[in-house]
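S.K.: This is the structure I have questions about; it appears just below.
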Amino acid sequence: MKLYPAIDIKDGQCVRLRQGSYDDKTVYDDKPWKVAKEFEAAGAKFIHLVDLDGAREGRSVNDEAVREIIENVGIPVEIGGGIRTTEDISNKLNLGVSRVIIGTEAVRRPEFVKESILEFGAEKIVVGIDAKDGKVAVSGWEEISRISAVDLALLMKDMGVKTIIYTDISKDGMLAGPNIEQTKKLAEETGLNVVASGGVSSADDLRNLDKAGVYGAILGKAIYEHKVDLKEVAKEFE
């Protein structure tokens, strides 16, 4: 199983939100690139970035912080948040990002995902599916749509998507364990590479996801709160 330590960026700072609430944040570092370097030194093979301001505003906001991260690490970086157009994707790839994550637009304009894959390649495009009670949330999690996570994942598969990041919002930032059952179901029903996000609180959570056949896991608060030693789990997993 692949590990993706996460850096959430708001106002140029490395932060974490609880259950996606912009009013409930903790600032961990005002220089996200330093955090990225620490992740790389601990053995991370890939870094997951989220532009939280971008997700809410629907445009790239923290490109300077992203650029600094890419300039300071030698491992690939993926980013989501505010990616709504082909130009947004192109700009991110030109910054040096290895792949971009499409969230809100995958719900609103599924054909945009197909067009993006045709233009940039499936290895450059990942779809983020964020769900609450099985229904997909959009616009920085501030709106809940009517489509189910499984239905959206199957639609994305038809569009050519190979990898999705599945976030259970109720688990995010709570250190209460991931929704393994739902993540496993999504992987089995779609045959896609599913990366679990939200709730990982221990190395055992990672082992349980691995046993469930999940492709990858995003680690956020568990690292910052010292519940998981990235150096140790990076040795254990890919």
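Ligands are numbered from 1 in the order shown, residues from 1 within each chain, and chains are lettered A, B, ... in the order they appear in the structure tokens.
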Mind the document's chain letters and residue numbers, and return as a VMD selection string the residues of chain A that DSSP labels alpha helix (DSSP H).
M.R.: chain A and resid 32 to 41 52 to 57 63 to 72 86 to 95 104 to 108 110 to 120 149 to 158 180 to 190 203 to 211 221 to 224 230 to 236
S.K.: Skip region 50-63 of chain A itself and residues of its chain fewer than 3 positions away, then list as a count of residues only all residues within 10 Å of it, counting only C-alpha atoms.
M.R.: 39
S.K.: Need to verify the contact set: Val126 (chain A), 10 Å, only C-alpha atoms, exclusion of same-chain residues closer than 4 positions in sequence. Can you return it as a list in words?
M.R.: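 Answer for this query is Glu78, Ile79, Gly80, Arg99, Val100, Ile101, Ile102, Gly103, Val113, Ile117, Ala122, Met156, Val161, Lys162, Thr163, Ile164, Ile165 and Asn193 of chain A.
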S.K.: Go through A:Val150, A:Leu209, A:Ala176, A:Ala222 one by one, measure the shortest atom-to-atom distance of each to Leu192 (chain A) using only C-alpha atoms, and give the residue with the smallest value.
M.R.: A:Val150
S.K.: Taking into account only C-alpha atoms, which residue in the set A:Val228, A:Ala65, A:Met1, A:Val194 is nearest to Pro32 (chain A)?
M.R.: A:Ala65
S.K.: Show me, as a list in words, the residues that have an atom within 8 Å of Lys37 (chain A) when counting only C-alpha atoms, minus same-chain residues fewer than 4 positions from it.
M.R.: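 Contacts, with the query itself left out: Trp33, Ala41, Ile69, Asn72 and Val73 of chain A.
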S.K.: Write the residues you've just listed into a file as an mmCIF file, in the first residue's frame, and include N, CA and C atoms for each of them.
M.R.:
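Listed below is the output, part17.cif:
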```cif
data_model
loop_
_atom_site.group_PDB
_atom_site.id
_atom_site.type_symbol
_atom_site.label_atom_id
_atom_site.label_comp_id
_atom_site.auth_asym_id
_atom_site.auth_seq_id
_atom_site.Cartn_x
_atom_site.Cartn_y
_atom_site.Cartn_z
ATOM 1 N N TRP A 33 6.785 24.232 3.071
ATOM 2 C CA TRP A 33 7.914 23.564 2.417
ATOM 3 C C TRP A 33 8.815 22.876 3.434
ATOM 4 N N ALA A 41 12.505 13.481 4.238
ATOM 5 C CA ALA A 41 13.593 12.945 5.072
ATOM 6 C C ALA A 41 13.145 11.695 5.831
ATOM 7 N N ILE A 69 7.323 24.288 -2.113
ATOM 8 C CA ILE A 69 7.409 22.864 -1.755
ATOM 9 C C ILE A 69 8.127 22.095 -2.862
ATOM 10 N N ASN A 72 11.794 22.502 -3.034
ATOM 11 C CA ASN A 72 12.569 22.021 -1.887
ATOM 12 C C ASN A 72 12.564 20.512 -1.686
ATOM 13 N N VAL A 73 11.779 19.776 -2.492
ATOM 14 C CA VAL A 73 11.780 18.313 -2.366
ATOM 15 C C VAL A 73 12.050 17.664 -3.719
#
```
S.K.: When distances are computed from only C-alpha atoms, which of A:Met159, A:Ala106, A:Leu118, A:Ile169 shows the smallest separation from Asp133 (chain A)?
M.R.: A:Ile169
S.K.: Between A:Val200, A:Val214, A:Ile70, A:Ala149, single out the one closest to Glu188 (chain A), counting only C-alpha atoms.
M.R.: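 Of the candidates, the smallest distance to Glu188 (chain A) is held by A:Val214.
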S.K.: So that I can check the secondary structure, give me every residue of region 116-204 of chain A assigned strand (DSSP E) by backbone DSSP, as JSON, numbers by chain.
M.R.: {"A": [125, 126, 127, 128, 129, 130, 131, 132, 135, 136, 137, 138, 143, 144, 145, 146, 147, 148, 163, 164, 165, 166, 167, 168, 193, 194, 195, 196, 197]}
S.K.: Under the rule that only C-alpha atoms are counted, which of A:Gly191, A:Pro76, A:Gly128, A:Gly199 is the nearest residue to Pro178 (chain A)?
M.R.: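 Of A:Gly191, A:Pro76, A:Gly128, A:Gly199, the one nearest Pro178 (chain A), counting only C-alpha atoms, is A:Gly199.
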S.K.: Kindly give the distance, in Å, that separates CA of Lys135 (chain A) and CA of Ser148 (chain A), rounded to a single decimal.
M.R.: 4.5 Å
S.K.: What are the nearest atom pairs, with distances in Å to one decimal, for all residues of region 44-126 of chain A that come at most 12 Å from region 217-221 of chain A, using only C-alpha atoms, set out by chain and rising residue number as CSV?
M.R.:
```
residue,atom,partner,partner_atom,distance
A:Ala44,CA,A:Leu219,CA,10.8
A:Phe46,CA,A:Ile218,CA,10.1
A:Ile47,CA,A:Ile218,CA,9.0
A:His48,CA,A:Ile218,CA,7.4
A:Leu49,CA,A:Ile218,CA,10.2
A:Val50,CA,A:Gly220,CA,11.0
A:Glu78,CA,A:Ile218,CA,11.6
```
S.K.: Please report the interatomic distance between CA of Ser201 (chain A) and CA of Gly177 (chain A) in Å with one decimal.
M.R.: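 Value for the CA of Ser201 (chain A)-CA of Gly177 (chain A) distance: 5.6 Å.
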